[in-house]
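Chemist: The structure under discussion is supplied below as structure tokens; questions concerning it will follow.
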Amino acid sequence: MSDESKIEPQGVLAIMTLPTGHVAATHADFERQGYGGFKLWDAQRIRAGDAVKRKAVRVYCSEMVTNHLESYTIDRMAEDLITRGKWRVTYRAIGYPDEVAEAVERS
């Protein structure tokens, strides 16, 4: 068995919850590419966070509305849900060492 077959997938899971604690949306990122200057797990966290926020807005808003909104507007709506509506995004690292998992979950 080669070392490559022992490699576990590494990614970040983002969970957006309502103020009641119920899950509004989830998104996992296991892409193996990062952004310039970012660690892989940080790039995965950013992508997963952006995607889960957009997904939550689309789930709770009419499709007739969200189909005609720009990404920036959807992002702002999600940020308002978090800052004003007390929604929350939680991150979990998958397949990473404990020190990376702690850093992901603190962000």
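In the structure tokens, the first chain shown is A, the next is B, and so on; residue numbers restart at 1 for each chain, and ligands run from 1 in the order shown.
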Using only C-alpha atoms, determine which residues lie at most 8 Å from region 27-39 of chain A, disregarding the query and same-chain residues fewer than 2 positions distant; provide the list as a list in words.

Modeler: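 Here the qualifying residues turn out to be Pro9, Gln10, Gly11, Val12, Leu13, Ala14, Ile15, Ala25, Trp41, Asp42, Ala43, Gln44, Arg45, Arg47, Ala48, Gly49, Ala51 and Val52 of chain A.
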
Chemist: From the set A:Cys61, A:Leu81, A:Val89, A:Ala101, which residue has the shortest atom-to-atom contact distance to Met16 (chain A), counting only C-alpha atoms?

Modeler: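 Looking at the shortest contact to Met16 (chain A), the residue is A:Val89.
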
Chemist: If you run DSSP over the backbone, which residues in chain A end up strand (DSSP E)? Put them as a list of chain:residue names.

Modeler: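 Strand (DSSP E) members of chain A, listed: A:Gly11, A:Val12, A:Leu13, A:Ala14, A:Ile15, A:Met16, A:Thr17, A:Val23, A:Ala24, A:Ala25, A:Thr26, A:His27, A:Ala28, A:Asp29, A:Arg88, A:Val89, A:Thr90, A:Tyr91, A:Arg92, A:Ala93, A:Ile94.
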
Chemist: Keeping only N, CA and C atoms, write the selected residues as a compact mmCIF listing (two decimals), in the first residue's frame.

Modeler:
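Listed below is the output, selection.txt:
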# COMPACT_ATOMS: atom_id res chain seq x y z
N GLY A 11 -10.59 19.32 4.50
CA GLY A 11 -11.50 20.37 4.07
C GLY A 11 -12.07 21.11 5.26
N VAL A 12 -12.95 22.04 4.95
CA VAL A 12 -13.61 22.85 5.97
C VAL A 12 -15.11 22.82 5.73
N LEU A 13 -15.86 22.60 6.80
CA LEU A 13 -17.32 22.61 6.77
C LEU A 13 -17.80 23.90 7.42
N ALA A 14 -18.69 24.63 6.73
CA ALA A 14 -19.29 25.84 7.30
C ALA A 14 -20.77 25.54 7.57
N ILE A 15 -21.24 25.92 8.75
CA ILE A 15 -22.62 25.69 9.16
C ILE A 15 -23.23 27.02 9.56
N MET A 16 -24.30 27.42 8.89
CA MET A 16 -24.98 28.66 9.25
C MET A 16 -26.25 28.30 10.02
N THR A 17 -26.37 28.88 11.21
CA THR A 17 -27.50 28.56 12.07
C THR A 17 -28.35 29.80 12.36
N VAL A 23 -30.19 24.62 11.98
CA VAL A 23 -29.30 24.77 10.84
C VAL A 23 -30.07 25.36 9.65
N ALA A 24 -29.53 26.45 9.12
CA ALA A 24 -30.12 27.09 7.94
C ALA A 24 -29.50 26.55 6.67
N ALA A 25 -28.17 26.32 6.68
CA ALA A 25 -27.47 25.83 5.49
C ALA A 25 -26.09 25.32 5.90
N THR A 26 -25.55 24.43 5.07
CA THR A 26 -24.19 23.93 5.27
C THR A 26 -23.47 23.91 3.92
N HIS A 27 -22.16 24.00 3.98
CA HIS A 27 -21.35 23.87 2.77
C HIS A 27 -19.96 23.41 3.18
N ALA A 28 -19.44 22.42 2.45
CA ALA A 28 -18.09 21.92 2.70
C ALA A 28 -17.20 22.22 1.50
N ASP A 29 -15.96 22.58 1.78
CA ASP A 29 -15.00 22.85 0.71
C ASP A 29 -13.80 21.93 0.89
N ARG A 88 -25.52 32.77 12.80
CA ARG A 88 -24.13 32.45 13.13
C ARG A 88 -23.54 31.47 12.12
N VAL A 89 -22.28 31.67 11.80
CA VAL A 89 -21.55 30.71 10.97
C VAL A 89 -20.48 30.05 11.84
N THR A 90 -20.51 28.73 11.86
CA THR A 90 -19.55 27.93 12.61
C THR A 90 -18.74 27.12 11.62
N TYR A 91 -17.45 26.96 11.89
CA TYR A 91 -16.57 26.22 10.99
C TYR A 91 -16.01 24.99 11.70
N ARG A 92 -15.88 23.90 10.93
CA ARG A 92 -15.27 22.67 11.42
C ARG A 92 -14.25 22.19 10.39
N ALA A 93 -13.06 21.88 10.86
CA ALA A 93 -12.02 21.34 9.99
C ALA A 93 -12.17 19.82 9.93
N ILE A 94 -11.98 19.27 8.76
CA ILE A 94 -12.10 17.83 8.56
C ILE A 94 -10.78 17.30 8.01

Chemist: Could you work out how far CA of Asp50 (chain A) lies from CA of His68 (chain A), giving the answer in Å with one decimal?

Modeler: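 Those two atoms sit 18.5 Å apart.
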
Chemist: Please return as a PyMOL selection string: the residues of chain A that backbone DSSP assigns to alpha helix (DSSP H).

Modeler: chain A and resi 40-60+63-66+71-83+98-106

Chemist: Give me a file of those residues, with C-alpha atoms, as a PDB file, in the first residue's frame.

Modeler:
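Output below, filename part_6.pdb:
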ATOM      1  CA  LEU A  40      -5.013  25.890   2.193  1.00  0.00           C
ATOM      2  CA  TRP A  41      -7.326  25.569   5.193  1.00  0.00           C
ATOM      3  CA  ASP A  42      -7.851  29.329   5.315  1.00  0.00           C
ATOM      4  CA  ALA A  43      -8.805  29.446   1.630  1.00  0.00           C
ATOM      5  CA  GLN A  44     -11.210  26.549   2.195  1.00  0.00           C
ATOM      6  CA  ARG A  45     -12.722  28.380   5.174  1.00  0.00           C
ATOM      7  CA  ILE A  46     -13.239  31.536   3.121  1.00  0.00           C
ATOM      8  CA  ARG A  47     -14.850  29.677   0.215  1.00  0.00           C
ATOM      9  CA  ALA A  48     -17.054  27.549   2.497  1.00  0.00           C
ATOM     10  CA  GLY A  49     -18.141  30.630   4.473  1.00  0.00           C
ATOM     11  CA  ASP A  50     -19.048  32.583   1.349  1.00  0.00           C
ATOM     12  CA  ALA A  51     -20.963  29.636  -0.113  1.00  0.00           C
ATOM     13  CA  VAL A  52     -22.934  28.847   3.056  1.00  0.00           C
ATOM     14  CA  LYS A  53     -24.023  32.475   3.420  1.00  0.00           C
ATOM     15  CA  ARG A  54     -25.272  32.605  -0.176  1.00  0.00           C
ATOM     16  CA  LYS A  55     -26.990  29.251   0.218  1.00  0.00           C
ATOM     17  CA  ALA A  56     -28.818  30.385   3.374  1.00  0.00           C
ATOM     18  CA  VAL A  57     -30.109  33.556   1.702  1.00  0.00           C
ATOM     19  CA  ARG A  58     -31.319  31.554  -1.295  1.00  0.00           C
ATOM     20  CA  VAL A  59     -33.058  29.025   0.989  1.00  0.00           C
ATOM     21  CA  TYR A  60     -34.926  31.684   2.960  1.00  0.00           C
ATOM     22  CA  GLU A  63     -36.158  32.306  -5.917  1.00  0.00           C
ATOM     23  CA  MET A  64     -37.831  35.034  -7.951  1.00  0.00           C
ATOM     24  CA  VAL A  65     -35.936  37.561  -5.835  1.00  0.00           C
ATOM     25  CA  THR A  66     -32.546  35.878  -5.533  1.00  0.00           C
ATOM     26  CA  SER A  71     -23.761  38.357  -5.617  1.00  0.00           C
ATOM     27  CA  TYR A  72     -22.743  41.477  -3.696  1.00  0.00           C
ATOM     28  CA  THR A  73     -26.353  42.087  -2.605  1.00  0.00           C
ATOM     29  CA  ILE A  74     -26.786  38.481  -1.483  1.00  0.00           C
ATOM     30  CA  ASP A  75     -23.511  38.709   0.452  1.00  0.00           C
ATOM     31  CA  ARG A  76     -24.695  41.912   2.175  1.00  0.00           C
ATOM     32  CA  MET A  77     -28.007  40.274   3.087  1.00  0.00           C
ATOM     33  CA  ALA A  78     -26.133  37.367   4.670  1.00  0.00           C
ATOM     34  CA  GLU A  79     -23.836  39.705   6.598  1.00  0.00           C
ATOM     35  CA  ASP A  80     -26.892  41.596   7.882  1.00  0.00           C
ATOM     36  CA  LEU A  81     -28.450  38.322   9.046  1.00  0.00           C
ATOM     37  CA  ILE A  82     -25.289  37.639  11.021  1.00  0.00           C
ATOM     38  CA  THR A  83     -24.762  41.109  12.508  1.00  0.00           C
ATOM     39  CA  ASP A  98      -5.741  19.393  15.950  1.00  0.00           C
ATOM     40  CA  GLU A  99      -3.834  22.706  15.861  1.00  0.00           C
ATOM     41  CA  VAL A 100      -5.287  23.538  12.429  1.00  0.00           C
ATOM     42  CA  ALA A 101      -8.766  22.440  13.519  1.00  0.00           C
ATOM     43  CA  GLU A 102      -8.552  24.785  16.507  1.00  0.00           C
ATOM     44  CA  ALA A 103      -7.477  27.691  14.287  1.00  0.00           C
ATOM     45  CA  VAL A 104     -10.345  27.028  11.845  1.00  0.00           C
ATOM     46  CA  GLU A 105     -12.933  26.807  14.611  1.00  0.00           C
ATOM     47  CA  ARG A 106     -11.691  30.045  16.249  1.00  0.00           C
TER      48      ARG A 106
END

Chemist: Just how far from CA of Gly95 (chain A) is CA of Glu8 (chain A), in Å to one decimal?

Modeler: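 CA of Gly95 (chain A) lies at a distance of 6.1 Å from CA of Glu8 (chain A).
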